[in-house]
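Undergrad: File structure-v7.txt below, compact mmCIF, C-alpha atoms:
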# COMPACT_ATOMS: atom_id res chain seq x y z
CA LYS B 1 40.94 27.80 109.00
CA ARG B 2 44.61 28.28 108.11
CA TYR B 3 43.72 30.14 104.88
CA SER B 4 41.36 32.36 106.89
CA SER B 5 44.12 33.11 109.41
CA SER B 6 46.55 34.04 106.63
CA TYR B 7 43.96 36.24 104.93
CA GLY B 8 43.14 38.04 108.16
CA SER B 9 46.78 38.90 108.82
CA ARG B 10 47.81 39.51 105.21
CA ASP B 11 48.56 43.22 105.69
CA GLY B 12 51.00 42.75 108.59
CA GLY B 13 54.75 43.11 108.29
CA SER B 14 57.07 44.29 105.54
CA SER B 15 59.34 42.74 102.93
CA SER B 16 62.98 41.81 103.51
CA LYS B 17 65.23 38.78 103.39
CA GLY B 18 65.33 36.38 106.32
CA GLY B 19 67.83 33.64 107.21
CA VAL B 20 66.62 32.24 110.54
CA ILE B 21 65.63 28.87 109.08
CA ASN B 22 68.84 26.86 109.49
CA TYR B 23 68.82 24.56 106.49
CA ARG B 24 72.23 23.21 107.51
CA ASN B 25 70.42 21.23 110.21
CA TYR B 26 68.32 19.47 107.59
CA ASP B 27 69.37 15.87 106.94
CA GLY B 28 69.38 16.04 103.17
CA GLU B 29 69.89 18.29 100.17
CA VAL B 30 67.83 21.48 99.91
CA THR B 31 67.06 22.95 96.50
CA PHE B 32 65.74 26.52 96.42
CA PHE B 33 63.17 27.97 94.04
CA SER B 34 64.22 31.38 92.69
CA PRO B 35 61.57 32.48 90.21
CA THR B 36 62.90 34.38 87.21
CA GLU B 37 60.92 37.04 85.41
CA GLY B 38 57.92 35.62 83.60
CA LYS B 39 55.13 33.12 84.23
CA HIS B 40 55.35 30.21 86.67
CA ARG B 41 53.24 27.23 87.75
CA ILE B 42 53.76 25.55 91.10
CA ASN B 43 52.15 23.19 93.59
CA ILE B 44 52.48 24.02 97.28
CA ILE B 45 53.31 20.87 99.25
CA PRO B 46 52.01 20.77 102.84
CA TYR B 47 54.36 19.61 105.61
CA ILE B 48 53.90 17.98 109.02
CA ILE B 49 54.27 20.17 112.10
CA LYS B 50 56.87 18.39 114.24
CA SER B 51 57.84 20.69 117.10
CA LYS B 52 56.55 23.20 119.63
CA ASN B 53 58.60 25.87 117.85
CA HIS B 54 55.89 26.17 115.22
CA PRO B 55 54.18 29.55 115.81
CA LEU B 56 50.68 28.01 115.67
CA VAL B 57 51.63 25.41 118.28
CA LYS B 58 53.07 28.13 120.54
CA ARG B 59 49.80 30.04 120.24
CA GLY B 60 47.67 26.95 120.83
CA GLU B 61 46.14 27.12 117.34
CA ALA B 62 47.59 23.83 116.04
CA GLU B 63 49.08 20.61 117.34
CA ILE B 64 52.19 18.61 116.51
CA GLY B 65 51.28 16.09 113.81
CA GLU B 66 48.94 18.41 111.92
CA GLN B 67 49.72 19.83 108.47
CA ASP B 68 50.54 23.39 107.44
CA TYR B 69 51.30 24.80 104.00
CA ILE B 70 53.40 27.83 105.04
CA MET B 71 55.96 28.87 107.62
CA ASP B 72 54.93 32.43 108.51
CA PHE B 73 57.56 34.22 110.63
CA TYR B 74 59.15 37.59 111.38
CA VAL B 75 62.83 38.53 111.21
CA HIS B 76 65.00 41.37 112.53
CA ARG B 77 67.91 42.08 110.17
CA GLY B 78 71.27 43.70 110.74
CA VAL B 79 71.38 42.92 114.47
CA GLY B 80 74.63 43.46 116.36
CA PRO B 81 78.21 43.85 115.08
CA SER B 82 77.86 40.79 112.81
CA GLU B 83 74.55 42.12 111.40
CA LYS B 84 72.73 38.86 112.05
CA SER B 85 69.18 37.98 111.09
CA VAL B 86 67.26 37.06 114.23
CA LEU B 87 63.77 35.65 114.71
CA CYS B 88 61.41 38.26 116.18
CA LEU B 89 59.91 36.67 119.29
CA LYS B 90 57.18 39.30 119.67
CA ASN B 91 55.65 39.09 116.21
CA THR B 92 56.31 35.37 115.63
CA TYR B 93 55.25 34.07 119.05
CA GLY B 94 53.74 36.98 120.97
CA LYS B 95 56.62 36.77 123.46
CA PRO B 96 58.90 39.52 124.83
CA CYS B 97 61.53 40.48 122.24
CA PRO B 98 64.65 42.37 123.41
CA ILE B 99 65.23 43.72 119.89
CA CYS B 100 61.73 45.22 119.73
CA GLU B 101 62.26 46.66 123.21
CA TYR B 102 65.56 48.19 122.13
CA ALA B 103 63.93 49.70 119.03
CA ALA B 104 61.23 51.21 121.27
CA SER B 105 63.90 52.77 123.49
CA LEU B 106 65.55 54.31 120.41
CA ARG B 107 62.24 55.88 119.37
CA LYS B 108 61.85 57.45 122.82
CA LYS B 109 65.26 59.05 122.31
CA GLY B 110 64.17 60.44 118.93
CA LYS B 111 66.36 58.02 116.95
CA GLU B 112 63.66 57.08 114.48
CA GLU B 113 65.96 55.95 111.64
CA GLU B 114 67.93 53.61 113.92
CA ALA B 115 64.67 52.17 115.26
CA LYS B 116 63.26 51.75 111.75
CA ALA B 117 66.29 49.67 110.74
CA LEU B 118 65.33 47.12 113.42
CA LYS B 119 61.70 46.81 112.33
CA PRO B 120 60.90 43.10 111.80
CA SER B 121 60.05 41.93 108.30
CA ARG B 122 57.52 39.21 107.62
CA ARG B 123 58.67 36.14 105.70
CA ALA B 124 57.00 33.09 104.19
CA ALA B 125 58.55 29.70 103.42
CA TYR B 126 56.94 26.94 101.36
CA ASN B 127 57.71 23.48 100.07
CA ILE B 128 56.85 23.62 96.38
CA GLU B 129 56.90 21.64 93.18
CA ASP B 130 58.04 23.76 90.25
CA LEU B 131 56.07 22.36 87.33
CA LYS B 132 58.97 23.17 85.03
CA GLU B 133 60.79 20.41 86.96
CA PRO B 134 57.96 18.11 88.08
CA GLY B 135 58.57 15.59 90.85
CA LYS B 136 61.33 17.63 92.51
CA LEU B 137 60.84 19.28 95.91
CA LYS B 138 62.09 22.86 96.27
CA VAL B 139 62.00 25.44 99.05
CA PHE B 140 60.59 28.87 98.27
CA GLU B 141 61.39 31.51 100.90
CA THR B 142 60.10 34.96 100.09
CA SER B 143 58.46 38.15 101.31
CA HIS B 144 55.08 37.52 102.89
CA TYR B 145 53.84 40.88 101.64
CA LEU B 146 54.86 40.27 98.03
CA PHE B 147 53.73 36.63 97.70
CA GLU B 148 51.45 35.22 100.41
CA LYS B 149 49.36 38.38 100.71
CA GLU B 150 48.68 38.34 96.95
CA LEU B 151 48.08 34.57 96.93
CA ILE B 152 45.65 34.45 99.84
CA GLU B 153 43.66 37.43 98.60
CA GLU B 154 43.20 35.72 95.24
CA ALA B 155 42.27 32.43 96.94
CA ARG B 156 39.44 34.03 98.94
CA ASP B 157 35.95 33.38 97.63
CA ASP B 158 34.18 36.67 98.30
CA GLU B 159 30.74 35.23 97.55
CA GLU B 160 30.97 32.14 99.73
CA GLY B 161 33.41 33.53 102.29
CA GLY B 162 35.72 30.49 102.07
CA PHE B 163 38.98 29.83 100.25
CA ILE B 164 40.22 27.85 97.29
CA ASP B 165 41.90 24.87 98.95
CA PHE B 166 45.03 25.09 96.82
CA ALA B 167 47.38 23.17 99.19
CA ASP B 168 45.23 20.06 99.73
CA PRO B 169 47.32 17.01 98.67
CA GLU B 170 44.36 15.27 97.01
CA GLU B 171 42.10 18.00 95.69
CA GLY B 172 44.30 21.12 95.71
CA MET B 173 45.16 23.22 92.69
CA GLU B 174 48.13 24.42 90.69
CA ILE B 175 49.08 28.03 91.35
CA LYS B 176 49.91 30.22 88.37
CA PHE B 177 51.58 33.62 88.77
CA ARG B 178 53.84 36.10 87.07
CA ALA B 179 57.13 37.36 88.52
CA SER B 180 58.62 40.71 87.55
CA LYS B 181 61.62 42.74 88.72
CA THR B 182 60.93 46.19 90.09
CA THR B 183 62.92 48.93 91.80
CA LYS B 184 61.93 51.10 94.74
CA GLY B 185 64.44 53.70 95.82
CA ASN B 186 67.76 51.90 95.38
CA MET B 187 66.32 48.46 96.17
CA GLU B 188 65.53 45.88 93.49
CA PHE B 189 63.08 43.09 94.30
CA THR B 190 60.66 40.67 92.65
CA GLU B 191 56.92 41.30 92.58
CA PHE B 192 54.36 38.51 92.13
CA LYS B 193 51.10 39.21 90.30
CA SER B 194 48.37 37.64 88.15
CA PHE B 195 47.65 34.74 90.53
CA ALA B 196 45.30 32.08 89.20
CA PHE B 197 44.37 28.50 90.08
CA GLU B 198 44.03 25.48 87.84
CA ASP B 199 42.93 21.89 88.48
CA ARG B 200 45.82 19.47 88.95
CA ASP B 201 46.19 16.54 86.59
CA GLU B 202 46.86 14.26 89.58
CA PRO B 203 47.25 14.45 93.38
CA ILE B 204 50.54 15.33 95.06
CA SER B 205 52.76 12.25 95.05
CA LYS B 206 53.60 10.42 98.27
CA GLU B 207 57.28 10.99 97.50
CA LEU B 208 56.85 14.77 97.56
CA LEU B 209 54.70 14.68 100.68
CA ASP B 210 57.28 12.51 102.47
CA ALA B 211 60.10 14.83 101.36
CA ALA B 212 58.41 18.04 102.54
CA ILE B 213 60.60 19.90 105.04
CA SER B 214 59.14 20.65 108.48
CA PHE B 215 60.40 24.22 108.82
CA ASP B 216 59.55 24.41 112.52
CA GLU B 217 62.33 21.90 113.26
CA LEU B 218 64.89 24.20 111.58
CA LEU B 219 63.94 27.54 113.15
CA THR B 220 66.68 29.20 115.17
CA VAL B 221 64.73 30.43 118.19
CA PRO B 222 66.70 32.80 120.46
CA THR B 223 66.29 32.69 124.23
Before anything else, please render the file you have as structure tokens.
TA:
Amino acid sequence: KRYSSSYGSRDGGSSSKGGVINYRNYDGEVTFFSPTEGKHRINIIPYIIKSKNHPLVKRGEAEIGEQDYIMDFYVHRGVGPSEKSVLCLKNTYGKPCPICEYAASLRKKGKEEEAKALKPSRRAAYNIEDLKEPGKLKVFETSHYLFEKELIEEARDDEEGGFIDFADPEEGMEIKFRASKTTKGNMEFTEFKSFAFEDRDEPISKELLDAAISFDELLTVPT
């Protein structure tokens, strides 16, 4: 069901860096996965939903105590004098968002460029095991459009209508992909292509499952 939900919404949003997951509130060390150019193999480690701040809980599509493999959220960047990154309440939770409302007012005044700068970008965060460093939990936060959209499209079984269950702790699969640097305009970013799935040699360890970060507990949710 979660794969189906991700597939159905794969075209939404745009790519841009986030920053609304406050890792400083995590009781432990956080190691980040920053894929270099070339081929990679990872396992996605599911985490336990622990708070009502999880978007699926807010929408009544999941309950605290269930597992998820991704934190799918939207971010406004460059907000205010300090150019903060702020969680978009409208696109993340379906709630009123003052930043979206302000952007709409700018459009009505013909200030399209100013409004465009406030457009929310869609982000994805995962707990992963980088198989170049097996047994070590890392956090991978990236553009939803560039990673999750490609991943979930490749995971869909067009003949059967289901999905490859890549994140299942027992019977999931390794994810193989290629990362490459590209430039658009004056922006440089990483693209992810050539997704493939391979049987794991063994299930995800209890240590990794226990270490998986519950991102919903770390979200900075504005009032």
Undergrad: At a cut-off of 12 Å from (56.6, 10.7, 97.2) in the coordinates of the file, what residues are picked up using all atoms listed in the file, written as a PyMOL selection string?
TA: chain B and resi 45+129+134-137+169+203-212
Undergrad: What's around range 139-151 of chain B at 6 Å? Count all atoms listed in the file, leave out sequence neighbours fewer than 6 positions away in its own chain, and write the answer as a list in words.
TA: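 Those residues are Arg10, Ser15, Phe32, Phe33, Arg122, Arg123, Ala124, Ala125, Tyr126, Asn127, Glu191 and Phe192 of chain B.
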Undergrad: Could you work out how far CA of Phe73 in chain B lies from CA of Gly28 in chain B, giving the answer in Å with one decimal?
TA: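 So the answer is 22.9 Å.
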Undergrad: Identify which of the residues B:Glu63, B:Leu118, B:Tyr93, B:Asp168 lies closest to Ser105 in chain B, counting all atoms listed in the file when measuring atom-to-atom distances.
TA: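 Of B:Glu63, B:Leu118, B:Tyr93, B:Asp168, the one nearest Ser105 in chain B is B:Leu118, counting all atoms listed in the file.
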Undergrad: So, counting all atoms listed in the file, which residue among B:His76, B:Lys138, B:Lys116, B:Lys84 is closest to Asn43 in chain B?
TA: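 Answer, going by the shortest atom-to-atom distance: B:Lys138.
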Undergrad: Which distance in Å separates CA of Glu133 in chain B and CA of Gln67 in chain B, to one decimal?
TA: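 Separation of CA of Glu133 in chain B and CA of Gln67 in chain B: 24.2 Å.
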Undergrad: Here is a test: counting all atoms listed in the file, which residue of B:Glu37, B:Glu159, B:Glu202, B:Glu113 is nearest to Ser180 in chain B?
TA: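 Using all atoms listed in the file, the shortest distance to Ser180 in chain B belongs to B:Glu37.
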